[in-house]
$ cat protein36.cif   # mmCIF, C-alpha atoms and all ligand atoms
data_model
#
loop_
_atom_site.group_PDB
_atom_site.id
_atom_site.type_symbol
_atom_site.label_atom_id
_atom_site.label_comp_id
_atom_site.auth_asym_id
_atom_site.auth_seq_id
_atom_site.Cartn_x
_atom_site.Cartn_y
_atom_site.Cartn_z
ATOM 1 C CA MET A 16 9.802 -58.536 -121.743
ATOM 2 C CA ARG A 17 7.991 -57.194 -118.685
ATOM 3 C CA PRO A 18 4.181 -56.825 -118.789
ATOM 4 C CA SER A 19 4.490 -53.015 -118.548
ATOM 5 C CA GLU A 20 6.443 -53.014 -121.819
ATOM 6 C CA ILE A 21 3.810 -54.960 -123.714
ATOM 7 C CA SER A 22 1.679 -51.941 -124.649
ATOM 8 C CA LEU A 23 4.700 -50.199 -126.211
ATOM 9 C CA PRO A 24 5.908 -50.872 -129.760
ATOM 10 C CA ILE A 25 8.802 -53.302 -130.167
ATOM 11 C CA GLN A 26 12.071 -51.424 -130.050
ATOM 12 C CA TRP A 27 14.640 -52.930 -132.414
ATOM 13 C CA SER A 28 18.098 -53.349 -130.925
ATOM 14 C CA ASP A 29 21.248 -54.001 -132.949
ATOM 15 C CA ASP A 30 22.026 -56.739 -130.409
ATOM 16 C CA TRP A 31 19.287 -58.677 -132.216
ATOM 17 C CA ASN A 32 21.324 -58.872 -135.416
ATOM 18 C CA LEU A 33 22.412 -62.398 -136.237
ATOM 19 C CA GLY A 34 24.991 -61.248 -138.759
ATOM 20 C CA ILE A 35 23.027 -62.773 -141.659
ATOM 21 C CA GLU A 36 21.969 -59.824 -143.782
ATOM 22 C CA GLU A 37 18.866 -61.247 -145.418
ATOM 23 C CA ILE A 38 17.443 -62.587 -142.156
ATOM 24 C CA ASP A 39 18.320 -59.474 -140.149
ATOM 25 C CA LYS A 40 16.624 -57.307 -142.772
ATOM 26 C CA GLN A 41 13.488 -59.437 -142.579
ATOM 27 C CA HIS A 42 13.467 -59.294 -138.778
ATOM 28 C CA ARG A 43 13.680 -55.512 -138.828
ATOM 29 C CA SER A 44 10.942 -55.295 -141.391
ATOM 30 C CA LEU A 45 8.783 -57.816 -139.509
ATOM 31 C CA ILE A 46 9.026 -55.595 -136.434
ATOM 32 C CA GLU A 47 8.228 -52.459 -138.438
ATOM 33 C CA HIS A 48 5.139 -54.120 -139.908
ATOM 34 C CA PHE A 49 4.123 -55.371 -136.493
ATOM 35 C CA ASN A 50 4.493 -51.899 -134.949
ATOM 36 C CA ASP A 51 2.425 -50.334 -137.755
ATOM 37 C CA MET A 52 -0.239 -52.975 -137.219
ATOM 38 C CA LYS A 53 -0.250 -52.305 -133.491
ATOM 39 C CA ARG A 54 -0.428 -48.528 -133.997
ATOM 40 C CA ARG A 55 -3.440 -48.947 -136.268
ATOM 41 C CA GLN A 56 -5.094 -51.324 -133.832
ATOM 42 C CA GLN A 57 -4.566 -48.921 -130.907
ATOM 43 C CA SER A 58 -5.944 -45.991 -132.872
ATOM 44 C CA GLY A 59 -9.127 -47.949 -133.476
ATOM 45 C CA ALA A 60 -8.642 -48.363 -137.241
ATOM 46 C CA ASP A 61 -10.628 -51.093 -138.932
ATOM 47 C CA SER A 62 -7.600 -52.771 -140.442
ATOM 48 C CA PHE A 63 -6.925 -55.786 -138.264
ATOM 49 C CA ASN A 64 -8.157 -58.451 -140.694
ATOM 50 C CA GLY A 65 -5.936 -57.214 -143.493
ATOM 51 C CA ASP A 66 -2.985 -56.679 -141.170
ATOM 52 C CA LEU A 67 -3.266 -60.197 -139.808
ATOM 53 C CA LEU A 68 -3.353 -61.583 -143.337
ATOM 54 C CA PHE A 69 -0.273 -59.596 -144.232
ATOM 55 C CA MET A 70 1.469 -60.897 -141.097
ATOM 56 C CA GLN A 71 0.545 -64.478 -142.009
ATOM 57 C CA ASN A 72 2.140 -64.073 -145.434
ATOM 58 C CA TYR A 73 5.167 -62.259 -144.134
ATOM 59 C CA ILE A 74 6.057 -64.854 -141.527
ATOM 60 C CA LYS A 75 5.514 -67.630 -144.067
ATOM 61 C CA THR A 76 8.128 -66.092 -146.379
ATOM 62 C CA HIS A 77 10.434 -65.299 -143.492
ATOM 63 C CA PHE A 78 10.285 -68.813 -142.050
ATOM 64 C CA GLN A 79 11.079 -70.248 -145.500
ATOM 65 C CA THR A 80 14.122 -67.991 -145.779
ATOM 66 C CA GLU A 81 15.366 -69.032 -142.361
ATOM 67 C CA GLU A 82 14.786 -72.728 -142.924
ATOM 68 C CA ARG A 83 16.571 -72.609 -146.277
ATOM 69 C CA TYR A 84 19.525 -70.949 -144.620
ATOM 70 C CA MET A 85 19.547 -73.442 -141.743
ATOM 71 C CA LYS A 86 19.653 -76.336 -144.198
ATOM 72 C CA GLU A 87 22.531 -74.715 -146.049
ATOM 73 C CA ILE A 88 24.699 -74.445 -142.956
ATOM 74 C CA GLY A 89 23.611 -77.786 -141.468
ATOM 75 C CA PHE A 90 22.023 -76.206 -138.403
ATOM 76 C CA PRO A 91 21.742 -79.050 -135.864
ATOM 77 C CA GLU A 92 18.462 -77.829 -134.345
ATOM 78 C CA LEU A 93 16.689 -77.494 -137.692
ATOM 79 C CA GLU A 94 13.905 -79.929 -136.831
ATOM 80 C CA SER A 95 12.885 -78.323 -133.546
ATOM 81 C CA HIS A 96 13.152 -74.873 -135.119
ATOM 82 C CA VAL A 97 10.888 -75.898 -137.999
ATOM 83 C CA ASN A 98 8.424 -77.294 -135.456
ATOM 84 C CA GLU A 99 8.427 -73.971 -133.667
ATOM 85 C CA HIS A 100 7.816 -72.133 -136.955
ATOM 86 C CA ASN A 101 4.958 -74.477 -137.811
ATOM 87 C CA PHE A 102 3.435 -73.945 -134.380
ATOM 88 C CA LEU A 103 3.599 -70.144 -134.715
ATOM 89 C CA ARG A 104 2.267 -70.182 -138.278
ATOM 90 C CA ASP A 105 -0.675 -72.374 -137.257
ATOM 91 C CA ARG A 106 -1.497 -70.198 -134.242
ATOM 92 C CA VAL A 107 -1.560 -67.038 -136.381
ATOM 93 C CA SER A 108 -3.906 -68.759 -138.846
ATOM 94 C CA GLU A 109 -6.150 -69.791 -135.952
ATOM 95 C CA MET A 110 -6.128 -66.210 -134.707
ATOM 96 C CA ALA A 111 -7.435 -64.983 -138.044
ATOM 97 C CA ILE A 112 -10.311 -67.475 -137.785
ATOM 98 C CA ARG A 113 -11.042 -66.633 -134.149
ATOM 99 C CA TYR A 114 -10.989 -62.922 -134.923
ATOM 100 C CA SER A 115 -13.339 -63.270 -137.884
ATOM 101 C CA ARG A 116 -15.768 -65.172 -135.631
ATOM 102 C CA GLY A 117 -15.533 -62.567 -132.896
ATOM 103 C CA LEU A 118 -14.063 -65.042 -130.392
ATOM 104 C CA ASP A 119 -11.019 -62.987 -129.380
ATOM 105 C CA SER A 120 -10.124 -59.318 -129.272
ATOM 106 C CA SER A 121 -7.517 -57.810 -131.580
ATOM 107 C CA GLU A 122 -5.882 -56.275 -128.501
ATOM 108 C CA LYS A 123 -5.278 -59.653 -126.894
ATOM 109 C CA MET A 124 -3.956 -61.078 -130.176
ATOM 110 C CA ILE A 125 -1.565 -58.176 -130.706
ATOM 111 C CA GLU A 126 -0.008 -58.727 -127.281
ATOM 112 C CA THR A 127 0.376 -62.455 -127.952
ATOM 113 C CA ILE A 128 2.013 -61.867 -131.343
ATOM 114 C CA GLN A 129 4.359 -59.317 -129.792
ATOM 115 C CA ARG A 130 5.479 -61.785 -127.120
ATOM 116 C CA TRP A 131 6.025 -64.486 -129.763
ATOM 117 C CA ILE A 132 8.058 -62.281 -132.090
ATOM 118 C CA VAL A 133 10.373 -61.079 -129.349
ATOM 119 C CA ASN A 134 10.797 -64.501 -127.737
ATOM 120 C CA HIS A 135 11.354 -66.288 -131.011
ATOM 121 C CA ILE A 136 13.983 -63.852 -132.290
ATOM 122 C CA LEU A 137 15.767 -63.521 -128.963
ATOM 123 C CA HIS A 138 15.762 -67.156 -127.905
ATOM 124 C CA SER A 139 15.377 -69.401 -130.936
ATOM 125 C CA ASP A 140 16.746 -67.418 -133.883
ATOM 126 C CA MET A 141 19.682 -66.252 -131.756
ATOM 127 C CA LYS A 142 20.933 -69.861 -131.738
ATOM 128 C CA LEU A 143 21.796 -69.347 -135.410
ATOM 129 C CA LYS A 144 24.237 -66.664 -134.382
ATOM 130 C CA ASP A 145 25.832 -69.021 -131.843
ATOM 131 C CA GLN A 146 26.105 -71.654 -134.568
ATOM 132 C CA LEU A 147 27.845 -69.205 -136.924
ATOM 133 C CA THR A 148 30.268 -68.207 -134.187
ATOM 134 C CA ASN A 149 31.026 -71.905 -133.561
ATOM 135 C CA ASN A 150 31.557 -72.597 -137.276
ATOM 136 C CA GLU A 151 33.927 -69.661 -137.537
ATOM 137 C CA SER A 152 35.981 -70.756 -134.559
ATOM 138 C CA ILE A 153 36.249 -74.296 -136.006
ATOM 139 C CA ALA A 154 37.244 -72.925 -139.424
ATOM 140 C CA GLY A 155 39.670 -70.427 -137.917
HETATM 141 FE FE FE B 1 13.166 -65.268 -137.516
HETATM 142 FE FE FE B 2 12.965 -68.679 -136.598
#

$ encode --input "protein36.cif" --output "structure tokens"
Amino acid sequence: MRPSEISLPIQWSDDWNLGIEEIDKQHRSLIEHFNDMKRRQQSGADSFNGDLLFMQNYIKTHFQTEERYMKEIGFPELESHVNEHNFLRDRVSEMAIRYSRGLDSSEKMIETIQRWIVNHILHSDMKLKDQLTNNESIAG
């Protein structure tokens, strides 16, 4: 994602589908929630604390869904993926603390979260799709 695109909402693309309905649905909804949060932040609404809390809970549930699925299919990169999830979850929790103490701006945090969401889905989660394609070609 180029820096000029950062101030825009995230535009979902069907190329981002992994072919796993539950996870794809959560990704789309994660992006919708993120875009709503960003819209409110840009319009100057006083909603960032609550939005960040919602985001924390949403990613927690989403990461659990993904990890459960990865275990089920014997995803070989489970451990590094879980580490990445833990890292992201911890950073979002830290953000909430930093924001409540006035140490960082909501604008800066929004841009960071946006970069993380896009990078994680496009680079890390996409490996699940490759794994499924591999499994199918072995089975077929
Ligand atoms: Fe994901
Ligand atoms: Fe993930």

$ resolve_selection --input "protein36.cif" --expression "the PyMOL selection byres (((not hetatm)) within 9 of (chain B and resi 1))" --output "mmCIF file with C-alpha atoms, in the coordinates of the input"
data_model
loop_
_atom_site.group_PDB
_atom_site.id
_atom_site.type_symbol
_atom_site.label_atom_id
_atom_site.label_comp_id
_atom_site.auth_asym_id
_atom_site.auth_seq_id
_atom_site.Cartn_x
_atom_site.Cartn_y
_atom_site.Cartn_z
ATOM 1 C CA ILE A 38 17.443 -62.587 -142.156
ATOM 2 C CA ASP A 39 18.320 -59.474 -140.149
ATOM 3 C CA GLN A 41 13.488 -59.437 -142.579
ATOM 4 C CA HIS A 42 13.467 -59.294 -138.778
ATOM 5 C CA LEU A 45 8.783 -57.816 -139.509
ATOM 6 C CA ILE A 74 6.057 -64.854 -141.527
ATOM 7 C CA HIS A 77 10.434 -65.299 -143.492
ATOM 8 C CA PHE A 78 10.285 -68.813 -142.050
ATOM 9 C CA THR A 80 14.122 -67.991 -145.779
ATOM 10 C CA GLU A 81 15.366 -69.032 -142.361
ATOM 11 C CA HIS A 100 7.816 -72.133 -136.955
ATOM 12 C CA ILE A 132 8.058 -62.281 -132.090
ATOM 13 C CA HIS A 135 11.354 -66.288 -131.011
ATOM 14 C CA ILE A 136 13.983 -63.852 -132.290
ATOM 15 C CA SER A 139 15.377 -69.401 -130.936
ATOM 16 C CA ASP A 140 16.746 -67.418 -133.883
ATOM 17 C CA MET A 141 19.682 -66.252 -131.756
#

$ resolve_selection --input "protein36.cif" --expression "the PyMOL selection byres (((chain A and resi 55) around 12) and not hetatm)" --output "ChimeraX atom specification"
/A:24,48-54,56-67,121-122,125

$ residues_near_point --input "protein36.cif" --point "(17.7, -71.1, -144.7)" --cutoff "12 Å" --atoms "only C-alpha atoms" --output "list in words"
Ile35, Glu37, Ile38, Thr76, His77, Phe78, Gln79, Thr80, Glu81, Glu82, Arg83, Tyr84, Met85, Lys86, Glu87, Ile88, Gly89, Phe90, Leu93, His96, Val97, Asp140 and Leu143 of chain A

$ closest_residue --input "protein36.cif" --among "A:Asp30, A:Glu99, A:Glu36, A:Glu94" --to "ligand FE 2 (chain B)" --atoms "only C-alpha atoms and all ligand atoms"
A:Glu99

$ resolve_selection --input "protein36.cif" --expression "the PyMOL selection byres (((chain A and resi 108) around 12) and not hetatm)" --output "mmCIF file with C-alpha atoms, in the frame of the given file"
data_model
loop_
_atom_site.group_PDB
_atom_site.id
_atom_site.type_symbol
_atom_site.label_atom_id
_atom_site.label_comp_id
_atom_site.auth_asym_id
_atom_site.auth_seq_id
_atom_site.Cartn_x
_atom_site.Cartn_y
_atom_site.Cartn_z
ATOM 1 C CA ASN A 64 -8.157 -58.451 -140.694
ATOM 2 C CA LEU A 67 -3.266 -60.197 -139.808
ATOM 3 C CA LEU A 68 -3.353 -61.583 -143.337
ATOM 4 C CA PHE A 69 -0.273 -59.596 -144.232
ATOM 5 C CA MET A 70 1.469 -60.897 -141.097
ATOM 6 C CA GLN A 71 0.545 -64.478 -142.009
ATOM 7 C CA ASN A 72 2.140 -64.073 -145.434
ATOM 8 C CA ILE A 74 6.057 -64.854 -141.527
ATOM 9 C CA LYS A 75 5.514 -67.630 -144.067
ATOM 10 C CA ASN A 101 4.958 -74.477 -137.811
ATOM 11 C CA PHE A 102 3.435 -73.945 -134.380
ATOM 12 C CA LEU A 103 3.599 -70.144 -134.715
ATOM 13 C CA ARG A 104 2.267 -70.182 -138.278
ATOM 14 C CA ASP A 105 -0.675 -72.374 -137.257
ATOM 15 C CA ARG A 106 -1.497 -70.198 -134.242
ATOM 16 C CA VAL A 107 -1.560 -67.038 -136.381
ATOM 17 C CA GLU A 109 -6.150 -69.791 -135.952
ATOM 18 C CA MET A 110 -6.128 -66.210 -134.707
ATOM 19 C CA ALA A 111 -7.435 -64.983 -138.044
ATOM 20 C CA ILE A 112 -10.311 -67.475 -137.785
ATOM 21 C CA ARG A 113 -11.042 -66.633 -134.149
ATOM 22 C CA TYR A 114 -10.989 -62.922 -134.923
ATOM 23 C CA SER A 115 -13.339 -63.270 -137.884
ATOM 24 C CA MET A 124 -3.956 -61.078 -130.176
ATOM 25 C CA ILE A 128 2.013 -61.867 -131.343
#

$ atom_distance --input "protein36.cif" --atom1 "CA of Ser95 (chain A)" --atom2 "atom FE of ligand FE 2 (chain B)"
10.1 Å
